[in-house]
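Text of upload03.cif (mmCIF, C-alpha atoms (C1' of nucleotides)) as supplied:
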```
data_run
#
loop_
_atom_site.label_atom_id
_atom_site.label_comp_id
_atom_site.auth_asym_id
_atom_site.auth_seq_id
_atom_site.Cartn_x
_atom_site.Cartn_y
_atom_site.Cartn_z
CA MET A 1 24.69 -43.28 -4.82
CA ALA A 2 25.63 -46.10 -7.12
CA HIS A 3 24.43 -43.63 -9.73
CA LYS A 4 27.01 -41.04 -8.75
CA GLU A 5 29.74 -43.52 -9.55
CA SER A 6 28.32 -44.42 -12.95
CA ILE A 7 27.86 -40.74 -13.79
CA LEU A 8 31.53 -40.13 -13.02
CA ASN A 9 32.56 -43.10 -15.13
CA ALA A 10 30.38 -42.15 -18.07
CA ALA A 11 31.46 -38.52 -17.98
CA THR A 12 35.15 -39.41 -17.69
CA SER A 13 34.93 -41.63 -20.72
CA LEU A 14 33.01 -39.09 -22.78
CA PHE A 15 35.11 -36.07 -21.79
CA ALA A 16 38.25 -38.04 -22.66
CA GLN A 17 36.85 -39.22 -25.98
CA LYS A 18 34.94 -36.20 -27.27
CA GLY A 19 36.07 -33.32 -25.08
CA PHE A 20 34.11 -31.16 -22.67
CA ARG A 21 32.19 -28.99 -25.09
CA ASP A 22 31.22 -31.83 -27.38
CA THR A 23 29.64 -34.02 -24.73
CA SER A 24 26.23 -32.95 -23.57
CA ILE A 25 24.57 -33.67 -20.27
CA SER A 26 22.09 -35.89 -22.08
CA ASP A 27 24.99 -37.89 -23.55
CA ILE A 28 26.29 -38.50 -20.06
CA ALA A 29 22.87 -39.36 -18.67
CA ARG A 30 22.25 -41.84 -21.46
CA LEU A 31 25.58 -43.62 -20.99
CA ALA A 32 25.26 -43.61 -17.20
CA GLY A 33 21.68 -44.89 -17.33
CA THR A 34 20.25 -42.07 -15.24
CA ALA A 35 18.02 -39.06 -15.71
CA GLU A 36 19.59 -35.71 -16.50
CA GLY A 37 18.26 -34.33 -13.25
CA THR A 38 20.25 -36.88 -11.27
CA ILE A 39 23.48 -35.40 -12.59
CA PHE A 40 22.54 -32.03 -11.16
CA TYR A 41 21.51 -33.62 -7.90
CA HIS A 42 25.09 -34.86 -7.42
CA PHE A 43 26.98 -32.00 -9.09
CA GLN A 44 26.26 -28.30 -9.10
CA SER A 45 27.06 -27.84 -12.78
CA LYS A 46 28.76 -29.44 -15.75
CA GLU A 47 31.94 -27.57 -14.83
CA ASP A 48 31.68 -28.91 -11.30
CA LEU A 49 31.36 -32.44 -12.66
CA PHE A 50 34.48 -31.92 -14.71
CA LEU A 51 36.37 -30.64 -11.69
CA ALA A 52 35.39 -33.71 -9.67
CA ILE A 53 36.69 -35.94 -12.46
CA PHE A 54 39.86 -33.92 -12.83
CA GLU A 55 40.52 -34.04 -9.11
CA GLY A 56 40.19 -37.82 -9.19
CA ALA A 57 42.57 -38.06 -12.13
CA ARG A 58 45.11 -35.93 -10.30
CA ALA A 59 44.89 -38.07 -7.17
CA ARG A 60 45.28 -41.31 -9.09
CA ILE A 61 48.24 -40.12 -11.14
CA VAL A 62 50.12 -38.51 -8.28
CA GLU A 63 49.56 -41.45 -5.99
CA HIS A 64 50.64 -43.97 -8.61
CA VAL A 65 53.82 -42.05 -9.39
CA GLU A 66 54.81 -41.61 -5.78
CA THR A 67 54.31 -45.23 -4.76
CA SER A 68 55.94 -46.54 -7.94
CA ILE A 69 59.05 -44.46 -7.44
CA GLN A 70 59.31 -45.13 -3.72
CA GLY A 71 58.92 -48.85 -4.24
CA ALA A 72 61.61 -49.09 -6.89
CA LYS A 73 65.34 -49.46 -6.58
CA PHE A 74 67.61 -47.89 -9.18
CA GLU A 75 71.25 -48.51 -9.98
CA ASP A 76 71.96 -44.81 -10.25
CA GLY A 77 70.42 -41.47 -11.22
CA LEU A 78 70.44 -42.19 -14.93
CA ASP A 79 68.72 -45.50 -14.37
CA MET A 80 66.10 -43.66 -12.34
CA VAL A 81 65.46 -41.28 -15.25
CA ARG A 82 64.93 -44.31 -17.48
CA GLY A 83 62.59 -45.78 -14.90
CA ILE A 84 60.53 -42.58 -14.74
CA ALA A 85 60.28 -42.44 -18.52
CA SER A 86 59.06 -45.98 -18.74
CA LEU A 87 56.62 -45.34 -15.90
CA TYR A 88 55.26 -42.39 -17.85
CA PHE A 89 54.70 -44.55 -20.91
CA PHE A 90 53.14 -47.28 -18.79
CA LEU A 91 50.72 -44.88 -17.14
CA SER A 92 49.77 -43.30 -20.44
CA GLU A 93 48.30 -46.64 -21.45
CA GLU A 94 47.10 -47.76 -18.04
CA MET A 95 45.34 -44.44 -17.41
CA LYS A 96 44.60 -43.45 -20.97
CA GLN A 97 41.48 -41.46 -20.09
CA GLU A 98 43.26 -39.35 -17.50
CA PHE A 99 45.98 -38.50 -20.00
CA LEU A 100 43.47 -37.70 -22.71
CA LEU A 101 41.89 -35.18 -20.35
CA LEU A 102 45.29 -33.49 -20.22
CA PHE A 103 45.50 -33.32 -24.00
CA GLY A 104 42.21 -31.48 -24.31
CA THR A 105 42.09 -27.70 -24.14
CA TYR A 106 39.34 -27.29 -21.57
CA PRO A 107 41.40 -27.81 -18.39
CA TYR A 108 43.89 -25.13 -19.47
CA ARG A 109 41.17 -22.63 -20.20
CA LEU A 110 39.37 -23.44 -16.96
CA ALA A 111 42.63 -23.17 -15.02
CA SER A 112 42.90 -19.50 -15.87
CA GLU A 113 39.74 -18.72 -13.93
CA ASN A 114 39.53 -21.57 -11.44
CA ALA A 115 42.24 -21.98 -8.83
CA ARG A 116 41.38 -25.59 -8.02
CA CYS A 117 41.70 -26.64 -11.65
CA SER A 118 44.99 -24.79 -11.94
CA GLU A 119 46.23 -26.59 -8.84
CA HIS A 120 45.31 -30.02 -10.19
CA LEU A 121 47.03 -29.30 -13.48
CA GLU A 122 50.19 -28.15 -11.77
CA ALA A 123 50.21 -31.14 -9.44
CA MET A 124 49.96 -33.60 -12.33
CA TYR A 125 52.91 -32.05 -14.12
CA THR A 126 55.10 -31.35 -11.13
CA CYS A 127 54.76 -34.86 -9.77
CA PHE A 128 56.74 -35.98 -12.83
CA LEU A 129 59.01 -32.94 -12.90
CA ASP A 130 59.97 -33.34 -9.26
CA VAL A 131 61.04 -36.96 -9.51
CA LEU A 132 62.91 -36.22 -12.73
CA THR A 133 64.78 -33.36 -11.11
CA LEU A 134 65.58 -35.60 -8.16
CA ALA A 135 66.87 -38.34 -10.44
CA ILE A 136 69.04 -35.96 -12.44
CA THR A 137 70.50 -34.37 -9.33
CA ARG A 138 71.23 -37.80 -7.96
CA GLY A 139 72.81 -38.83 -11.24
CA MET A 140 75.10 -35.83 -11.20
CA GLN A 141 76.24 -36.82 -7.74
CA ASP A 142 76.87 -40.48 -8.50
CA GLY A 143 78.55 -39.63 -11.80
CA SER A 144 76.09 -41.30 -14.16
CA ILE A 145 74.82 -37.97 -15.49
CA ARG A 146 76.93 -35.15 -16.83
CA ASP A 147 76.84 -31.60 -15.57
CA VAL A 148 73.49 -30.07 -16.52
CA ASN A 149 70.78 -27.87 -15.08
CA PRO A 150 68.42 -30.39 -13.40
CA GLU A 151 65.28 -28.23 -13.55
CA LYS A 152 65.69 -27.31 -17.20
CA GLN A 153 66.70 -30.79 -18.24
CA SER A 154 63.78 -32.45 -16.47
CA LEU A 155 61.35 -30.15 -18.25
CA ILE A 156 62.92 -31.03 -21.58
CA VAL A 157 62.64 -34.74 -20.83
CA LEU A 158 59.02 -34.35 -19.78
CA ALA A 159 58.28 -32.36 -22.93
CA MET A 160 59.65 -35.22 -25.00
CA LEU A 161 57.61 -37.84 -23.15
CA THR A 162 54.45 -35.75 -23.30
CA GLY A 163 54.95 -34.96 -26.96
CA LEU A 164 55.37 -38.62 -27.86
CA VAL A 165 52.40 -39.79 -25.86
CA ARG A 166 50.30 -37.03 -27.35
CA PHE A 167 51.23 -38.23 -30.83
CA ALA A 168 50.25 -41.73 -29.77
CA LEU A 169 46.89 -40.81 -28.29
CA MET A 170 45.81 -38.17 -30.83
CA ASN A 171 47.25 -39.24 -34.16
CA LEU A 172 47.27 -42.63 -35.75
CA LEU A 173 50.95 -42.95 -34.92
CA PRO A 174 51.88 -46.29 -33.39
CA ALA A 175 54.10 -44.27 -31.07
CA HIS A 176 54.46 -47.04 -28.52
CA ALA A 177 56.83 -48.55 -31.05
CA TYR A 178 59.04 -45.57 -30.22
CA TYR A 179 59.03 -45.85 -26.45
CA ALA A 180 62.14 -48.02 -26.14
CA GLU A 181 63.96 -45.69 -28.52
CA ALA A 182 62.83 -42.66 -26.54
CA ILE A 183 64.18 -44.08 -23.29
CA LYS A 184 67.52 -44.62 -24.97
CA ALA A 185 67.37 -41.06 -26.24
CA CYS A 186 66.97 -39.83 -22.66
CA SER A 187 70.09 -41.74 -21.72
CA SER A 188 72.12 -40.33 -24.59
CA MET A 189 70.94 -36.87 -23.69
CA LEU A 190 72.06 -37.06 -20.10
CA GLU A 191 74.77 -39.67 -19.63
CA ARG A 192 78.29 -38.70 -18.77
CA ARG A 193 80.72 -38.86 -21.67
CA THR A 194 83.95 -40.77 -21.24
CA MET B 1 35.88 -9.49 -50.93
CA ALA B 2 37.80 -7.36 -48.49
CA HIS B 3 35.31 -8.85 -46.05
CA LYS B 4 36.38 -12.39 -46.83
CA GLU B 5 39.89 -11.53 -45.75
CA SER B 6 38.80 -9.96 -42.48
CA ILE B 7 36.52 -12.92 -41.76
CA LEU B 8 39.48 -15.26 -42.20
CA ASN B 9 41.65 -13.12 -39.95
CA ALA B 10 39.03 -12.80 -37.24
CA ALA B 11 38.19 -16.49 -37.30
CA THR B 12 41.85 -17.54 -37.24
CA SER B 13 42.49 -15.42 -34.21
CA LEU B 14 39.39 -16.63 -32.36
CA PHE B 15 39.82 -20.32 -33.22
CA ALA B 16 43.43 -20.11 -32.03
CA GLN B 17 42.49 -18.33 -28.83
CA LYS B 18 39.25 -19.98 -27.79
CA GLY B 19 39.03 -23.10 -29.92
CA PHE B 20 36.49 -24.08 -32.55
CA ARG B 21 33.54 -24.96 -30.35
CA ASP B 22 33.88 -21.95 -28.10
CA THR B 23 33.82 -19.36 -30.84
CA SER B 24 30.44 -18.63 -32.33
CA ILE B 25 29.64 -17.27 -35.75
CA SER B 26 28.42 -14.06 -34.13
CA ASP B 27 31.79 -13.72 -32.36
CA ILE B 28 33.53 -13.93 -35.71
CA ALA B 29 31.10 -11.54 -37.39
CA ARG B 30 31.53 -8.98 -34.62
CA LEU B 31 35.35 -9.09 -34.75
CA ALA B 32 35.39 -9.05 -38.54
CA GLY B 33 32.91 -6.18 -38.73
CA THR B 34 30.48 -8.00 -41.01
CA ALA B 35 27.02 -9.52 -40.81
CA GLU B 36 26.65 -13.18 -39.94
CA GLY B 37 25.11 -13.84 -43.30
CA THR B 38 28.26 -12.64 -45.06
CA ILE B 39 30.23 -15.44 -43.46
CA PHE B 40 27.88 -17.98 -45.02
CA TYR B 41 28.06 -16.21 -48.34
CA HIS B 42 31.82 -16.88 -48.48
CA PHE B 43 31.90 -20.24 -46.67
CA GLN B 44 29.46 -23.11 -46.78
CA SER B 45 29.60 -23.81 -43.08
CA LYS B 46 31.60 -23.18 -39.93
CA GLU B 47 33.52 -26.37 -40.62
CA ASP B 48 34.27 -25.16 -44.14
CA LEU B 49 35.60 -21.89 -42.73
CA PHE B 50 37.89 -23.83 -40.42
CA LEU B 51 39.16 -25.93 -43.28
CA ALA B 52 39.99 -22.83 -45.31
CA ILE B 53 41.95 -21.45 -42.39
CA PHE B 54 43.70 -24.76 -41.77
CA GLU B 55 44.65 -25.05 -45.41
CA GLY B 56 46.19 -21.59 -45.27
CA ALA B 57 48.12 -22.49 -42.14
CA ARG B 58 49.45 -25.61 -43.77
CA ALA B 59 50.57 -23.70 -46.86
CA ARG B 60 52.33 -21.01 -44.83
CA ILE B 61 54.14 -23.45 -42.55
CA VAL B 62 55.24 -25.84 -45.27
CA GLU B 63 56.40 -23.03 -47.52
CA HIS B 64 58.31 -21.30 -44.76
CA VAL B 65 60.07 -24.50 -43.73
CA GLU B 66 61.05 -25.43 -47.26
CA THR B 67 62.47 -22.05 -48.24
CA SER B 68 64.23 -21.63 -44.88
CA ILE B 69 65.98 -24.96 -45.14
CA GLN B 70 66.85 -24.57 -48.80
CA GLY B 71 68.27 -21.13 -48.22
CA ALA B 72 70.49 -22.17 -45.34
CA LYS B 73 73.95 -23.66 -45.29
CA PHE B 74 74.91 -26.08 -42.56
CA GLU B 75 78.32 -27.29 -41.42
CA ASP B 76 77.11 -30.86 -41.17
CA GLY B 77 74.06 -33.00 -40.42
CA LEU B 78 74.08 -32.29 -36.71
CA ASP B 79 74.24 -28.58 -37.34
CA MET B 80 71.27 -28.96 -39.64
CA VAL B 81 69.28 -30.66 -36.87
CA ARG B 82 70.08 -27.70 -34.62
CA GLY B 83 69.00 -25.35 -37.37
CA ILE B 84 65.68 -27.14 -37.78
CA ALA B 85 65.04 -27.06 -34.05
CA SER B 86 65.67 -23.36 -33.86
CA LEU B 87 63.52 -22.82 -36.93
CA TYR B 88 60.71 -24.70 -35.18
CA PHE B 89 61.00 -22.46 -32.14
CA PHE B 90 61.17 -19.37 -34.32
CA LEU B 91 58.06 -20.34 -36.25
CA SER B 92 56.15 -21.17 -33.08
CA GLU B 93 56.42 -17.50 -32.13
CA GLU B 94 56.24 -16.03 -35.61
CA MET B 95 53.16 -18.10 -36.48
CA LYS B 96 51.71 -18.52 -33.02
CA GLN B 97 48.12 -18.77 -34.24
CA GLU B 98 48.86 -21.54 -36.70
CA PHE B 99 50.60 -23.54 -33.97
CA LEU B 100 47.78 -22.95 -31.51
CA LEU B 101 45.39 -24.43 -34.07
CA LEU B 102 47.53 -27.58 -33.92
CA PHE B 103 47.28 -27.74 -30.14
CA GLY B 104 43.50 -27.73 -30.18
CA THR B 105 41.57 -30.96 -30.44
CA TYR B 106 39.22 -30.05 -33.27
CA PRO B 107 41.55 -30.69 -36.23
CA TYR B 108 42.31 -34.20 -34.99
CA ARG B 109 38.64 -35.04 -34.55
CA LEU B 110 37.79 -33.55 -37.93
CA ALA B 111 40.66 -35.42 -39.57
CA SER B 112 39.03 -38.74 -38.79
CA GLU B 113 36.08 -37.92 -41.02
CA ASN B 114 37.52 -35.41 -43.47
CA ALA B 115 40.31 -36.43 -45.81
CA ARG B 116 41.38 -32.87 -46.60
CA CYS B 117 41.84 -32.03 -42.95
CA SER B 118 43.77 -35.22 -42.41
CA GLU B 119 46.00 -34.34 -45.34
CA HIS B 120 46.77 -30.87 -44.00
CA LEU B 121 47.61 -32.25 -40.59
CA GLU B 122 49.94 -34.83 -42.03
CA ALA B 123 51.62 -32.27 -44.28
CA MET B 124 52.33 -29.94 -41.37
CA TYR B 125 53.99 -32.68 -39.36
CA THR B 126 55.84 -34.43 -42.14
CA CYS B 127 57.37 -31.22 -43.44
CA PHE B 128 59.35 -31.13 -40.20
CA LEU B 129 59.84 -34.88 -39.99
CA ASP B 130 61.20 -35.09 -43.52
CA VAL B 131 63.87 -32.43 -43.09
CA LEU B 132 64.84 -33.90 -39.71
CA THR B 133 65.21 -37.34 -41.23
CA LEU B 134 67.26 -35.85 -44.04
CA ALA B 135 69.52 -34.03 -41.59
CA ILE B 136 70.07 -37.11 -39.45
CA THR B 137 70.84 -39.29 -42.46
CA ARG B 138 73.27 -36.68 -43.69
CA GLY B 139 74.86 -36.46 -40.25
CA MET B 140 75.40 -40.19 -40.14
CA GLN B 141 77.18 -39.97 -43.46
CA ASP B 142 79.42 -37.04 -42.54
CA GLY B 143 80.18 -38.54 -39.14
CA SER B 144 78.65 -35.82 -36.98
CA ILE B 145 75.80 -38.10 -35.84
CA ARG B 146 76.13 -41.55 -34.37
CA ASP B 147 74.44 -44.63 -35.73
CA VAL B 148 70.69 -44.31 -35.12
CA ASN B 149 67.41 -44.97 -36.86
CA PRO B 150 66.73 -41.67 -38.68
CA GLU B 151 62.94 -42.02 -38.86
CA LYS B 152 62.51 -42.93 -35.23
CA GLN B 153 64.98 -40.36 -34.01
CA SER B 154 63.41 -37.54 -35.99
CA LEU B 155 60.02 -38.33 -34.51
CA ILE B 156 61.51 -38.23 -31.02
CA VAL B 157 63.14 -34.88 -31.71
CA LEU B 158 59.90 -33.50 -33.11
CA ALA B 159 57.99 -34.80 -30.08
CA MET B 160 60.38 -32.91 -27.84
CA LEU B 161 60.06 -29.68 -29.79
CA THR B 162 56.29 -29.98 -30.00
CA GLY B 163 56.00 -30.80 -26.30
CA LEU B 164 58.07 -27.81 -25.29
CA VAL B 165 56.24 -25.38 -27.53
CA ARG B 166 52.92 -26.74 -26.32
CA PHE B 167 53.99 -26.06 -22.73
CA ALA B 168 54.96 -22.55 -23.77
CA LEU B 169 51.73 -21.76 -25.59
CA MET B 170 49.28 -23.49 -23.22
CA ASN B 171 50.73 -23.14 -19.75
CA LEU B 172 52.24 -20.16 -18.08
CA LEU B 173 55.68 -21.68 -18.56
CA PRO B 174 58.25 -19.26 -19.96
CA ALA B 175 59.42 -22.15 -22.09
CA HIS B 176 61.32 -19.97 -24.54
CA ALA B 177 63.88 -19.75 -21.74
CA TYR B 178 64.42 -23.46 -22.45
CA TYR B 179 64.89 -23.29 -26.18
CA ALA B 180 68.69 -22.91 -26.15
CA GLU B 181 68.92 -25.78 -23.68
CA ALA B 182 66.64 -27.91 -25.83
CA ILE B 183 68.78 -27.41 -28.90
CA LYS B 184 71.81 -28.52 -26.90
CA ALA B 185 69.82 -31.55 -25.75
CA CYS B 186 69.21 -32.50 -29.40
CA SER B 187 72.93 -32.36 -30.00
CA SER B 188 73.76 -34.51 -26.97
CA MET B 189 71.13 -36.97 -28.05
CA LEU B 190 72.52 -37.43 -31.53
CA GLU B 191 76.18 -36.49 -31.67
CA ARG B 192 78.86 -39.06 -32.22
CA ARG B 193 80.79 -40.04 -29.10
CA THR B 194 84.54 -39.92 -29.15
"C1'" DG C 1 0.68 -44.84 11.01
"C1'" DT C 2 2.91 -40.32 10.23
"C1'" DC C 3 6.62 -37.60 9.19
"C1'" DC C 4 10.87 -36.73 7.25
"C1'" DT C 5 14.76 -37.03 4.42
"C1'" DG C 6 17.77 -38.34 0.70
"C1'" DA C 7 18.02 -40.28 -4.03
"C1'" DC C 8 16.06 -39.78 -8.17
"C1'" DT C 9 12.94 -38.32 -12.16
"C1'" DG C 10 11.80 -36.01 -16.71
"C1'" DA C 11 8.98 -32.52 -18.65
"C1'" DG C 12 9.72 -27.80 -18.94
"C1'" DT C 13 12.46 -23.15 -19.55
"C1'" DG C 14 15.03 -19.76 -21.54
"C1'" DC C 15 18.92 -19.15 -24.11
"C1'" DT C 16 22.42 -19.66 -27.68
"C1'" DC C 17 23.75 -21.65 -31.69
"C1'" DA C 18 24.59 -22.54 -36.85
"C1'" DC C 19 22.39 -21.62 -40.67
"C1'" DT C 20 18.51 -19.59 -44.06
"C1'" DC C 21 16.33 -16.39 -46.82
"C1'" DG C 22 14.19 -12.42 -48.86
"C1'" DG C 23 15.94 -8.35 -49.97
"C1'" DT C 24 19.30 -4.31 -51.42
"C1'" DA C 25 22.58 -1.89 -53.90
"C1'" DA C 26 26.60 -1.48 -56.52
"C1'" DA C 27 29.19 -3.29 -60.38
"C1'" DT C 28 29.37 -5.57 -64.68
"C1'" DT C 29 27.47 -7.29 -68.99
"C1'" DT C 30 24.56 -6.94 -72.83
"C1'" DA D 1 19.18 1.63 -70.27
"C1'" DA D 2 18.04 -2.89 -69.05
"C1'" DA D 3 19.41 -7.16 -67.26
"C1'" DT D 4 22.30 -9.94 -64.66
"C1'" DT D 5 25.60 -11.00 -61.28
"C1'" DT D 6 28.23 -10.29 -57.09
"C1'" DA D 7 28.78 -8.93 -52.36
"C1'" DC D 8 26.46 -8.10 -48.46
"C1'" DC D 9 22.82 -7.62 -44.89
"C1'" DG D 10 20.15 -8.98 -40.48
"C1'" DA D 11 15.80 -10.64 -38.81
"C1'" DG D 12 14.08 -15.13 -38.45
"C1'" DT D 13 14.11 -20.41 -37.53
"C1'" DG D 14 14.43 -24.70 -35.46
"C1'" DA D 15 17.40 -27.53 -32.92
"C1'" DG D 16 20.10 -28.40 -28.98
"C1'" DC D 17 21.94 -26.90 -24.81
"C1'" DA D 18 22.63 -26.52 -19.45
"C1'" DC D 19 19.96 -26.22 -15.87
"C1'" DT D 20 15.32 -26.06 -12.85
"C1'" DC D 21 11.60 -27.72 -10.34
"C1'" DA D 22 7.54 -29.93 -8.77
"C1'" DG D 23 6.91 -34.27 -7.70
"C1'" DT D 24 7.61 -39.61 -6.73
"C1'" DC D 25 9.16 -43.11 -3.80
"C1'" DA D 26 11.69 -46.00 -0.61
"C1'" DG D 27 13.24 -46.40 4.07
"C1'" DG D 28 14.32 -44.84 8.73
"C1'" DA D 29 12.78 -42.26 13.19
"C1'" DC D 30 9.31 -41.57 16.40
#
```
Let me see the structure of the file written as structure tokens.
Amino acid sequence: MAHKESILNAATSLFAQKGFRDTSISDIARLAGTAEGTIFYHFQSKEDLFLAIFEGARARIVEHVETSIQGAKFEDGLDMVRGIASLYFFLSEEMKQEFLLLFGTYPYRLASENARCSEHLEAMYTCFLDVLTLAITRGMQDGSIRDVNPEKQSLIVLAMLTGLVRFALMNLLPAHAYYAEAIKACSSMLERRT
Amino acid sequence: MAHKESILNAATSLFAQKGFRDTSISDIARLAGTAEGTIFYHFQSKEDLFLAIFEGARARIVEHVETSIQGAKFEDGLDMVRGIASLYFFLSEEMKQEFLLLFGTYPYRLASENARCSEHLEAMYTCFLDVLTLAITRGMQDGSIRDVNPEKQSLIVLAMLTGLVRFALMNLLPAHAYYAEAIKACSSMLERRT
DNA sequence: GTCCTGACTGAGTGCTCACTCGGTAAATTT
DNA sequence: AAATTTACCGAGTGAGCACTCAGTCAGGAC
């Protein structure tokens, strides 16, 4: 049972680093310090192992976002957008492996044939989209944000955040040097003009 | 020799659709209508085949961007940024396969051990970054763009474009419905306030 | 003590993969 | 016409893969 935990840890790390197809069961077993058979005692298949990991990642991300946002106080809607952006950047470093999973191609391919995977994917994106939409709507009410379409604008903001973090985690770009600038860019994009 | 062309076409399509690891040589041979051996007559290895394809993609993208920008006239720097954004969206549909290659993970992993691959990757990104930086600098001079850091801001814009297109090509999102909105967002982000 | 069950093992299995190689036939050179 | 080169073929090869299975072993129930 202690083994199940170390299998999950080893597999998470390897899937994040090398991707699903490029990590073999024997890689995982070696890193976890177990026999290959033990992996198939705990999980039906390699795909099933991935799903277990992905489900955990979803739970951790969604939970962290919800509690962070609920526990925070914001001046206004625009400030809340800034807060969400900086939370996104924070999580991308705090939960690097979970984000790397999202930048692979396997989950998207699996999602097209596996409803559970598709659900996890959607949940991870919509947990950010929903709070962004909420913040923008609120900002339009309190006057800190100009008149825009909240759903469309939140997707555009998320695309920017995701794009930047992807550059940071995949390329050699020191993109965290751009995070402060990106948060300002969100403000400029949304704030009410005088 | 006609075969070499059809091998390249088949492999491009399959690598874009299924990724490098999930397409086998026999897949490519079947789609190209050749024997497996023919593939290795024209290319040293599967990796070499990928590199040939990637080099072609780089050449097509860079050339298209350069001629498009040179052949266009813009009112001012801000208008040029809008033009580049809409060019990016246009190319992402016109050259869908080339962009899909960029959303896989293989080129980034290969780039860390293969200088040519790394060079192609960099060229494809910097061809957009350079014209964006140029446009922003120009806009700051002609007064259409407020005082910003051109390099940082162009990376943020590119991250947004890339993020959106990635959503469009990977998820089920009808993200092309967001393109007009995204171009407006670029404007709001950069334009001089009165 | 016997039985049972749950956690774990690792050699074994069948399959797929990238790549090789001996050969063929047409085109080109001499 | 002979020799050489170029483009192509597909059965064969060895390695690596996900997954199986017969079996071990500790510990709890009776």
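Distances to chain A were evaluated for D:DA3, D:DC25, D:DA18, D:DC30 using only C-alpha atoms (C1' of nucleotides), and the minimum falls at D:DA18.
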With the file shown as input, list the residues that the PyMOL selection byres ((chain D) within 9 of (chain B)) selects, as a count of residues only. 4
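Atom to atom, atom CA of Arg166 of chain B and atom CA of Tyr125 of chain B stand 14.4 Å apart.
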Could the residues of chain B within 7 Å of chain A, counting only C-alpha atoms, be given as a list in words, please? Arg21, Gly104, Thr105, Tyr108, Lys152, Ile156, Ala159, Met160, Thr162, Gly163, Leu164, Met170, Tyr178, Ala182, Ala185, Ser188 and Met189 of chain B
If the PyMOL selection byres ((chain C) within 9 of (chain A)) were run on this exact file, what residues would it hold? Put them as a PyMOL selection string. chain C and resi 7-10
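Atom CA of Ser24 of chain B is found 12.0 Å from atom CA of Ser45 of chain B.
Put simply, the PyMOL selection byres ((chain C and resi 14) around 12) on this file hits DG12, DT13, DC15 and DT16 of chain C; DC17, DA18, DC19 and DT20 of chain D.
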May I ask which of the residues A:Leu134, A:Leu129, A:Met124, A:Ile7 is the closest one to Phe50 of chain A, counting all atoms listed in the file? A:Ile7
Excluding Val65 of chain A and any residue of its chain fewer than 2 positions from it, enumerate the residues within 12 Å of it, using only C-alpha atoms (C1' of nucleotides), and give them as a PyMOL selection string. chain A and resi 58-63+67-72+83-92+95+123-132
Two-atom distance - atom CA of Glu98 of chain B, atom CA of Ala57 of chain B (Å): 5.6 Å
Would you place a box with edges along x, y and z of the file around all atoms of segment 165-168 of chain B listed there, add 6 Å to each of its six sides, and report the centre and edge lengths in Å to one decimal, as JSON?
```
{"center_x": 54.6, "center_y": -24.6, "center_z": -25.1, "size_x": 15.3, "size_y": 16.2, "size_z": 16.8}
```
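Minimum atom-to-atom distance to Lys46 of chain A, evaluated using all atoms listed in the file, belongs to A:Ala11 out of A:Leu101, A:Ala32, A:Ala11, A:Leu173.
Those residues that approach segment 74-78 of chain A to within 8 Å, counting all atoms listed in the file, are Arg82, Gly83, Ala135, Ile136, Thr137, Arg138, Gly139, Met140, Asp142, Ser144, Ile145, Ser187, Leu190 and Glu191 of chain A; same-chain residues fewer than 4 positions away are not listed.
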Please save C-alpha atoms of the selected residues as a PDB file, keeping the file's coordinate frame.
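Saved result, again.pdb, follows:
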```
ATOM      1  CA  ARG A  82      64.930 -44.310 -17.480  1.00  0.00           C
ATOM      2  CA  GLY A  83      62.590 -45.780 -14.900  1.00  0.00           C
ATOM      3  CA  ALA A 135      66.870 -38.340 -10.440  1.00  0.00           C
ATOM      4  CA  ILE A 136      69.040 -35.960 -12.440  1.00  0.00           C
ATOM      5  CA  THR A 137      70.500 -34.370  -9.330  1.00  0.00           C
ATOM      6  CA  ARG A 138      71.230 -37.800  -7.960  1.00  0.00           C
ATOM      7  CA  GLY A 139      72.810 -38.830 -11.240  1.00  0.00           C
ATOM      8  CA  MET A 140      75.100 -35.830 -11.200  1.00  0.00           C
ATOM      9  CA  ASP A 142      76.870 -40.480  -8.500  1.00  0.00           C
ATOM     10  CA  SER A 144      76.090 -41.300 -14.160  1.00  0.00           C
ATOM     11  CA  ILE A 145      74.820 -37.970 -15.490  1.00  0.00           C
ATOM     12  CA  SER A 187      70.090 -41.740 -21.720  1.00  0.00           C
ATOM     13  CA  LEU A 190      72.060 -37.060 -20.100  1.00  0.00           C
ATOM     14  CA  GLU A 191      74.770 -39.670 -19.630  1.00  0.00           C
TER      15      GLU A 191
END
```
